[in-house]
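Undergrad: Got a structure here, written out as structure tokens. Questions coming.
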Amino acid sequence: MTTGAVKVAIGELLENSGLRPRRLEIAVCGGGGNNRVYKLDADGCKLIAKWYFSDAADHRDRLGAE
């Protein structure tokens with residue numbers, strides 16, 4: 001997922017949650033293997049977002065496993 005696509009996806013998630021920040025800063029956190037973790041600053045509200053790797057041949061529920 002590209003940086004622009006990540007920002008769009010996170011913006012949509014925030015909006016669907018009722019948050020509509022005027023300023024959104026996203027920083028990639030290190031580690032995570034196949035998954036990606038992002039530190040968010042949405043108008044001073046500190047959040048974490050996690051993107052789970054997916055593959056059509058792998059049907060595991062990665063979020064449920066955590």
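Quick note on naming: the chains in the structure tokens go A, B, ... in the order shown, residues restart at 1 in each chain, and ligands are numbered from 1 in order of appearance.
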Quick one: everything within 9 Å of Ala49 (chain A), counting only C-alpha atoms, minus sequence neighbours fewer than 2 positions away in the same chain. Send it as a ChimeraX atom specification.
TA: /A:10,36-40,47,51
Undergrad: List every residue of chain A that DSSP, applied to the backbone of this structure, assigns to strand (DSSP E), and report them as a list in words.
TA: Leu24, Glu25, Ile26, Ala27, Val28, Cys29, Arg36, Val37, Tyr38, Lys39, Leu40, Asp41, Ala42, Cys45, Lys46, Leu47, Ile48, Ala49, Lys50 and Trp51 of chain A
Undergrad: With a distance cut-off of 12 Å and only C-alpha atoms, select the neighbouring residues of Glu15 (chain A), excluding the residue or stretch itself and same-chain residues fewer than 6 positions from it, and output the selection as a ChimeraX atom specification.
TA: /A:8-9,21-22,24,42
Undergrad: Would you mind exporting C-alpha atoms of the selected residues as an mmCIF file, in the first residue's frame?
TA:
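So out_28.cif came out as:
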```
data_model
loop_
_atom_site.group_PDB
_atom_site.id
_atom_site.type_symbol
_atom_site.label_atom_id
_atom_site.label_comp_id
_atom_site.auth_asym_id
_atom_site.auth_seq_id
_atom_site.Cartn_x
_atom_site.Cartn_y
_atom_site.Cartn_z
ATOM 1 C CA VAL A 8 -6.699 7.963 2.253
ATOM 2 C CA ALA A 9 -7.631 4.673 3.961
ATOM 3 C CA PRO A 21 -9.416 16.032 11.668
ATOM 4 C CA ARG A 22 -8.237 19.160 9.871
ATOM 5 C CA LEU A 24 -3.535 14.370 10.035
ATOM 6 C CA ALA A 42 -5.218 13.812 14.209
#
```
Undergrad: Could you check the closest approach to Arg23 (chain A) for each of A:Ala56, A:Asn35, A:Gly44, A:Ala5 and tell me which residue wins, using only C-alpha atoms?
TA: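 For Arg23 (chain A), the nearest of the candidates is A:Gly44.
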Undergrad: What is the CA of Val6 (chain A) to CA of Cys45 (chain A) distance in Å?
TA: 18.1 Å
Undergrad: Quick one: of A:Ile26, A:Ser17, A:Ala65, A:Asp55, who's nearest to Gly4 (chain A), counting only C-alpha atoms?
TA: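 Closest candidate: A:Ile26.
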Undergrad: For the structure I just gave you, how does DSSP split chain A - specifically, which residues are alpha helix (DSSP H)? Reply as a list in words.
TA: Thr3, Gly4, Ala5, Val6, Lys7, Val8, Ala9, Ile10, Gly11, Glu12, Leu13, Leu14, Glu15, Asn16, Arg62, Leu63, Gly64 and Ala65 of chain A
Undergrad: How many Å separate CA of Glu25 (chain A) from CA of Leu63 (chain A)?
TA: 24.0 Å
Undergrad: Considering only C-alpha atoms, state which residue in the set A:Leu14, A:Asp41, A:Asn34, A:Glu66 is at the smallest distance from Ser54 (chain A).
TA: A:Asn34
Undergrad: Just to confirm, what's the straight-line distance from CA of Leu13 (chain A) to CA of Asp43 (chain A) in Å (one decimal)?
TA: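 A separation of 15.2 Å between them.
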